Amino acid sequence: MSPSPWPLQQDGLLFRDAVASDIEALQSFRNDPVVNHYMVRTHVDPDELRRDWLSMPDNPTEYSCVVDRGGEVVAMGFLDVVDGSGQPGHPTGTDGLIGYIVDPRVAGQGIGTATARALLRAAFDGLGLRRVTAGANADNIASVTVLERAGMRKERHAVRALWHRELGWLDEVEYALLDEEWRARSS
């Protein structure tokens, strides 16, 4: 298990591990109908959310964070370490999946992009991963814009690949970045 890449200061925001006093704020926007419009999982049980976030320091593959702006939790970032695909015997724990949820009250202020960049920095510079991916509903223009502004490249567009109870079958896009691409951008 790698040590937590948090705390990290970047773009006027503090990215840090969650504490018990953050849970109410996380819950308030995680289950917001505006946020959940594009989510596959449209509701999270409050007790489950508390348990998941407070157990993160003990999870060897989960490096999610809260995003703090001036003492207020304004977003959450998700970073999971996973195994890449390949034949048996391939290296393990080399890849990452990122995601984010921004409080809709602060949407459009660059917090999503800053969060994606911080997650990439944590993945590559903090955890030494080789590849990071992120998926989004293709119609979620705000999320697609975040991934592109963060420097990720579009790798896949899957047509009618994602089921949504209210919207039906939706297109899904996947973005990715390799560690050498990250290093080239950072130099």
# chains A, B, ... in the order shown; residues from 1 in each chain; ligands from 1

$ residues_around --residues "stretch 51-59 of chain A" --least-positions-apart "6" --cutoff "7 Å" --atoms "only C-alpha atoms" --output "CSV table (one decimal) with N, CA and C atoms, in the first residue's frame"
chain,number,residue,atom,x,y,z
A,18,ALA,N,-10.5,12.6,3.6
A,18,ALA,CA,-11.8,13.0,4.3
A,18,ALA,C,-11.7,12.8,5.8
A,19,VAL,N,-12.4,13.6,6.5
A,19,VAL,CA,-12.6,13.4,8.0
A,19,VAL,C,-14.1,13.4,8.3
A,20,ALA,N,-14.4,12.9,9.4
A,20,ALA,CA,-15.8,12.8,9.8
A,20,ALA,C,-16.7,14.0,9.6

$ closest_atom_pairs --of "stretch 4-57 of chain A" --to "stretch 85-109 of chain A" --cutoff "10 Å" --atoms "only C-alpha atoms" --output "tab-separated table"
residue	atom	partner	partner_atom	distance
A:Ala25	CA	A:Asp103	CA	9.0
A:Leu26	CA	A:Asp103	CA	8.4
A:Ser28	CA	A:Asp103	CA	8.4
A:Phe29	CA	A:Asp103	CA	5.4
A:Arg30	CA	A:Ile101	CA	7.2
A:Asp32	CA	A:Pro104	CA	8.2
A:Pro33	CA	A:Pro104	CA	9.8
A:Val34	CA	A:Pro104	CA	7.1
A:Val35	CA	A:Pro104	CA	6.8
A:Asn36	CA	A:Ile101	CA	9.5
A:Met39	CA	A:Ile101	CA	9.7

$ select_by_dssp --residues "chain A" --states "helix (DSSP H, G or I)" --output "ChimeraX atom specification"
/A:20-30,33-36,46-54,56-58,104-106,111-126,141-149,179-186

$ atom_distance --atom1 "atom CA of A:Pro3" --atom2 "atom CA of A:Arg185"
24.8 Å

$ atom_distance --atom1 "atom CA of A:Val159" --atom2 "atom CA of A:His43"
25.1 Å

$ closest_residue --among "A:Gly71, A:Pro46, A:Gly77, A:Gly126" --to "A:Gly112" --atoms "only C-alpha atoms"
A:Gly77

$ atom_distance --atom1 "atom CA of A:Gly168" --atom2 "atom CA of A:Val40"
11.4 Å

$ select_by_dssp --residues "stretch 98-179 of chain A" --states "strand (DSSP E)" --output "PyMOL selection string"
chain A and resi 98-102+131-137+153-164+168-178

$ write_last_selection --atoms "N, CA and C atoms" --output "CSV table (one decimal), in the first residue's frame"
chain,number,residue,atom,x,y,z
A,98,ILE,N,-10.0,7.6,-12.5
A,98,ILE,CA,-10.3,8.8,-11.8
A,98,ILE,C,-11.7,9.3,-12.1
A,99,GLY,N,-12.3,10.0,-11.2
A,99,GLY,CA,-13.6,10.6,-11.3
A,99,GLY,C,-13.8,11.7,-10.3
A,100,TYR,N,-14.8,12.5,-10.4
A,100,TYR,CA,-15.0,13.6,-9.6
A,100,TYR,C,-16.5,14.0,-9.5
A,101,ILE,N,-16.9,14.6,-8.5
A,101,ILE,CA,-18.2,15.2,-8.3
A,101,ILE,C,-18.0,16.5,-7.7
A,102,VAL,N,-18.6,17.6,-8.4
A,102,VAL,CA,-18.4,18.9,-7.9
A,102,VAL,C,-19.8,19.4,-7.4
A,131,ARG,N,-0.6,4.5,-16.2
A,131,ARG,CA,-1.8,4.9,-17.1
A,131,ARG,C,-3.0,5.2,-16.2
A,132,VAL,N,-3.7,6.3,-16.6
A,132,VAL,CA,-4.9,6.7,-15.9
A,132,VAL,C,-6.0,6.9,-16.9
A,133,THR,N,-7.2,6.4,-16.6
A,133,THR,CA,-8.4,6.5,-17.5
A,133,THR,C,-9.5,7.2,-16.7
A,134,ALA,N,-10.5,7.7,-17.4
A,134,ALA,CA,-11.7,8.3,-16.9
A,134,ALA,C,-12.8,8.1,-17.9
A,135,GLY,N,-14.0,7.8,-17.4
A,135,GLY,CA,-15.1,7.7,-18.3
A,135,GLY,C,-16.2,8.7,-18.0
A,136,ALA,N,-17.0,9.0,-19.0
A,136,ALA,CA,-18.1,9.9,-18.9
A,136,ALA,C,-19.2,9.6,-19.9
A,137,ASN,N,-20.4,10.0,-19.5
A,137,ASN,CA,-21.5,10.0,-20.4
A,137,ASN,C,-21.1,11.0,-21.5
A,153,ARG,N,-6.6,12.5,-23.3
A,153,ARG,CA,-7.0,12.3,-24.7
A,153,ARG,C,-8.1,11.3,-24.8
A,154,LYS,N,-9.0,11.5,-25.7
A,154,LYS,CA,-10.1,10.6,-25.9
A,154,LYS,C,-9.6,9.4,-26.6
A,155,GLU,N,-10.0,8.2,-26.0
A,155,GLU,CA,-9.5,6.9,-26.6
A,155,GLU,C,-10.7,6.1,-27.1
A,156,ARG,N,-11.9,6.3,-26.6
A,156,ARG,CA,-13.0,5.4,-27.0
A,156,ARG,C,-14.3,6.2,-26.9
A,157,HIS,N,-15.2,5.9,-27.9
A,157,HIS,CA,-16.5,6.4,-27.9
A,157,HIS,C,-17.4,5.1,-28.1
A,158,ALA,N,-18.1,4.7,-27.1
A,158,ALA,CA,-18.9,3.5,-27.1
A,158,ALA,C,-20.4,3.9,-27.3
A,159,VAL,N,-20.9,3.5,-28.4
A,159,VAL,CA,-22.3,3.9,-28.8
A,159,VAL,C,-23.3,3.1,-28.0
A,160,ARG,N,-24.3,3.8,-27.4
A,160,ARG,CA,-25.3,3.2,-26.6
A,160,ARG,C,-24.9,2.1,-25.7
A,161,ALA,N,-23.8,2.4,-25.0
A,161,ALA,CA,-23.2,1.4,-24.1
A,161,ALA,C,-23.5,1.4,-22.7
A,162,LEU,N,-24.2,2.5,-22.2
A,162,LEU,CA,-24.4,2.7,-20.8
A,162,LEU,C,-25.9,2.9,-20.6
A,163,TRP,N,-26.5,2.1,-19.7
A,163,TRP,CA,-27.9,2.2,-19.4
A,163,TRP,C,-28.2,3.2,-18.3
A,164,HIS,N,-29.2,4.0,-18.6
A,164,HIS,CA,-29.6,5.0,-17.6
A,164,HIS,C,-31.1,4.9,-17.5
A,168,GLY,N,-32.4,6.1,-20.9
A,168,GLY,CA,-32.2,5.0,-21.8
A,168,GLY,C,-30.8,4.7,-22.1
A,169,TRP,N,-30.5,4.1,-23.3
A,169,TRP,CA,-29.1,3.8,-23.6
A,169,TRP,C,-28.3,5.0,-24.0
A,170,LEU,N,-27.2,5.2,-23.4
A,170,LEU,CA,-26.4,6.4,-23.7
A,170,LEU,C,-25.0,6.1,-24.2
A,171,ASP,N,-24.4,7.0,-24.9
A,171,ASP,CA,-23.1,6.8,-25.4
A,171,ASP,C,-22.1,7.1,-24.2
A,172,GLU,N,-21.0,6.4,-24.2
A,172,GLU,CA,-20.0,6.6,-23.2
A,172,GLU,C,-18.7,6.9,-23.9
A,173,VAL,N,-17.9,7.8,-23.3
A,173,VAL,CA,-16.5,8.1,-23.8
A,173,VAL,C,-15.5,7.8,-22.7
A,174,GLU,N,-14.3,7.4,-23.1
A,174,GLU,CA,-13.2,7.1,-22.2
A,174,GLU,C,-12.0,8.0,-22.6
A,175,TYR,N,-11.4,8.6,-21.6
A,175,TYR,CA,-10.2,9.4,-21.8
A,175,TYR,C,-9.1,8.7,-21.1
A,176,ALA,N,-7.9,8.9,-21.5
A,176,ALA,CA,-6.7,8.3,-20.9
A,176,ALA,C,-5.5,9.2,-21.0
A,177,LEU,N,-4.5,8.9,-20.1
A,177,LEU,CA,-3.2,9.6,-20.2
A,177,LEU,C,-2.2,8.6,-19.6
A,178,LEU,N,-1.0,8.6,-20.3
A,178,LEU,CA,0.1,7.7,-19.9
A,178,LEU,C,1.1,8.6,-19.1

$ closest_residue --among "A:Pro60, A:Leu49, A:Ala118, A:Thr42" --to "A:Leu13" --atoms "only C-alpha atoms"
A:Ala118

$ decode --residues "stretch 49-152 of chain A" --atoms "C-alpha atoms" --output "mmCIF file, in the first residue's frame"
data_model
loop_
_atom_site.group_PDB
_atom_site.id
_atom_site.type_symbol
_atom_site.label_atom_id
_atom_site.label_comp_id
_atom_site.auth_asym_id
_atom_site.auth_seq_id
_atom_site.Cartn_x
_atom_site.Cartn_y
_atom_site.Cartn_z
ATOM 1 C CA LEU A 49 -21.073 6.917 2.198
ATOM 2 C CA ARG A 50 -19.776 7.606 5.732
ATOM 3 C CA ARG A 51 -18.350 4.096 6.060
ATOM 4 C CA ASP A 52 -16.689 4.203 2.625
ATOM 5 C CA TRP A 53 -15.072 7.615 3.029
ATOM 6 C CA LEU A 54 -13.852 7.074 6.573
ATOM 7 C CA SER A 55 -12.380 3.652 5.749
ATOM 8 C CA MET A 56 -10.311 4.986 2.856
ATOM 9 C CA PRO A 57 -7.038 5.273 4.763
ATOM 10 C CA ASP A 58 -7.158 1.481 5.271
ATOM 11 C CA ASN A 59 -7.971 0.665 1.643
ATOM 12 C CA PRO A 60 -4.844 -0.324 -0.346
ATOM 13 C CA THR A 61 -6.280 0.707 -3.743
ATOM 14 C CA GLU A 62 -8.498 3.718 -2.992
ATOM 15 C CA TYR A 63 -6.963 7.200 -2.883
ATOM 16 C CA SER A 64 -9.988 9.445 -3.124
ATOM 17 C CA CYS A 65 -9.969 12.947 -1.680
ATOM 18 C CA VAL A 66 -12.145 15.847 -0.676
ATOM 19 C CA VAL A 67 -11.596 19.217 -2.298
ATOM 20 C CA ASP A 68 -11.482 22.065 0.181
ATOM 21 C CA ARG A 69 -11.704 25.723 -0.794
ATOM 22 C CA GLY A 70 -11.233 28.051 2.147
ATOM 23 C CA GLY A 71 -12.506 25.514 4.667
ATOM 24 C CA GLU A 72 -15.552 24.470 2.605
ATOM 25 C CA VAL A 73 -15.815 21.079 0.895
ATOM 26 C CA VAL A 74 -16.669 21.857 -2.745
ATOM 27 C CA ALA A 75 -15.957 18.563 -4.535
ATOM 28 C CA MET A 76 -14.795 14.997 -4.190
ATOM 29 C CA GLY A 77 -12.206 13.238 -6.291
ATOM 30 C CA PHE A 78 -11.930 9.509 -6.890
ATOM 31 C CA LEU A 79 -8.677 7.679 -7.608
ATOM 32 C CA ASP A 80 -8.680 3.892 -7.700
ATOM 33 C CA VAL A 81 -5.564 1.847 -8.408
ATOM 34 C CA VAL A 82 -6.349 -1.137 -10.638
ATOM 35 C CA ASP A 83 -4.540 -3.781 -12.643
ATOM 36 C CA GLY A 84 -4.045 -3.175 -16.337
ATOM 37 C CA SER A 85 -5.174 -5.766 -18.868
ATOM 38 C CA GLY A 86 -2.904 -8.412 -20.255
ATOM 39 C CA GLN A 87 -1.722 -11.951 -20.138
ATOM 40 C CA PRO A 88 -1.239 -13.745 -16.822
ATOM 41 C CA GLY A 89 1.796 -12.498 -14.952
ATOM 42 C CA HIS A 90 1.471 -8.868 -16.034
ATOM 43 C CA PRO A 91 2.424 -6.157 -13.525
ATOM 44 C CA THR A 92 -0.301 -5.327 -11.016
ATOM 45 C CA GLY A 93 -1.449 -2.043 -9.522
ATOM 46 C CA THR A 94 -0.154 -0.002 -12.463
ATOM 47 C CA ASP A 95 -3.280 1.769 -13.651
ATOM 48 C CA GLY A 96 -5.682 4.278 -12.192
ATOM 49 C CA LEU A 97 -9.288 5.297 -12.671
ATOM 50 C CA ILE A 98 -10.306 8.836 -11.798
ATOM 51 C CA GLY A 99 -13.604 10.610 -11.328
ATOM 52 C CA TYR A 100 -15.003 13.646 -9.586
ATOM 53 C CA ILE A 101 -18.198 15.177 -8.325
ATOM 54 C CA VAL A 102 -18.442 18.942 -7.904
ATOM 55 C CA ASP A 103 -20.995 20.623 -5.665
ATOM 56 C CA PRO A 104 -23.448 22.150 -8.185
ATOM 57 C CA ARG A 105 -23.409 25.419 -6.221
ATOM 58 C CA VAL A 106 -19.807 25.981 -7.410
ATOM 59 C CA ALA A 107 -20.057 24.403 -10.871
ATOM 60 C CA GLY A 108 -18.417 26.322 -13.712
ATOM 61 C CA GLN A 109 -15.620 27.734 -11.545
ATOM 62 C CA GLY A 110 -12.822 25.408 -12.717
ATOM 63 C CA ILE A 111 -13.007 23.142 -9.671
ATOM 64 C CA GLY A 112 -13.680 20.022 -11.773
ATOM 65 C CA THR A 113 -10.669 20.656 -13.997
ATOM 66 C CA ALA A 114 -8.452 21.443 -10.998
ATOM 67 C CA THR A 115 -9.636 18.232 -9.348
ATOM 68 C CA ALA A 116 -8.897 16.114 -12.422
ATOM 69 C CA ARG A 117 -5.408 17.654 -12.649
ATOM 70 C CA ALA A 118 -4.761 16.996 -8.954
ATOM 71 C CA LEU A 119 -5.901 13.391 -9.348
ATOM 72 C CA LEU A 120 -3.537 12.953 -12.304
ATOM 73 C CA ARG A 121 -0.687 14.505 -10.323
ATOM 74 C CA ALA A 122 -1.403 12.174 -7.396
ATOM 75 C CA ALA A 123 -1.603 9.160 -9.717
ATOM 76 C CA PHE A 124 1.612 9.819 -11.617
ATOM 77 C CA ASP A 125 3.809 11.811 -9.233
ATOM 78 C CA GLY A 126 2.472 10.447 -5.952
ATOM 79 C CA LEU A 127 1.673 6.813 -6.717
ATOM 80 C CA GLY A 128 3.898 6.201 -9.758
ATOM 81 C CA LEU A 129 1.136 4.793 -11.964
ATOM 82 C CA ARG A 130 1.728 4.188 -15.671
ATOM 83 C CA ARG A 131 -1.758 4.891 -17.065
ATOM 84 C CA VAL A 132 -4.921 6.664 -15.908
ATOM 85 C CA THR A 133 -8.389 6.518 -17.460
ATOM 86 C CA ALA A 134 -11.690 8.293 -16.874
ATOM 87 C CA GLY A 135 -15.114 7.659 -18.313
ATOM 88 C CA ALA A 136 -18.082 9.947 -18.877
ATOM 89 C CA ASN A 137 -21.494 9.997 -20.432
ATOM 90 C CA ALA A 138 -20.855 11.483 -23.884
ATOM 91 C CA ASP A 139 -23.723 13.951 -23.400
ATOM 92 C CA ASN A 140 -22.197 15.246 -20.167
ATOM 93 C CA ILE A 141 -20.392 18.109 -21.902
ATOM 94 C CA ALA A 142 -19.156 19.591 -18.608
ATOM 95 C CA SER A 143 -17.381 16.367 -17.644
ATOM 96 C CA VAL A 144 -15.949 15.817 -21.133
ATOM 97 C CA THR A 145 -14.625 19.396 -21.071
ATOM 98 C CA VAL A 146 -13.009 18.782 -17.670
ATOM 99 C CA LEU A 147 -11.151 15.718 -18.954
ATOM 100 C CA GLU A 148 -9.935 17.520 -22.069
ATOM 101 C CA ARG A 149 -8.815 20.604 -20.121
ATOM 102 C CA ALA A 150 -6.970 18.331 -17.707
ATOM 103 C CA GLY A 151 -4.921 17.102 -20.684
ATOM 104 C CA MET A 152 -6.404 13.665 -21.183
#
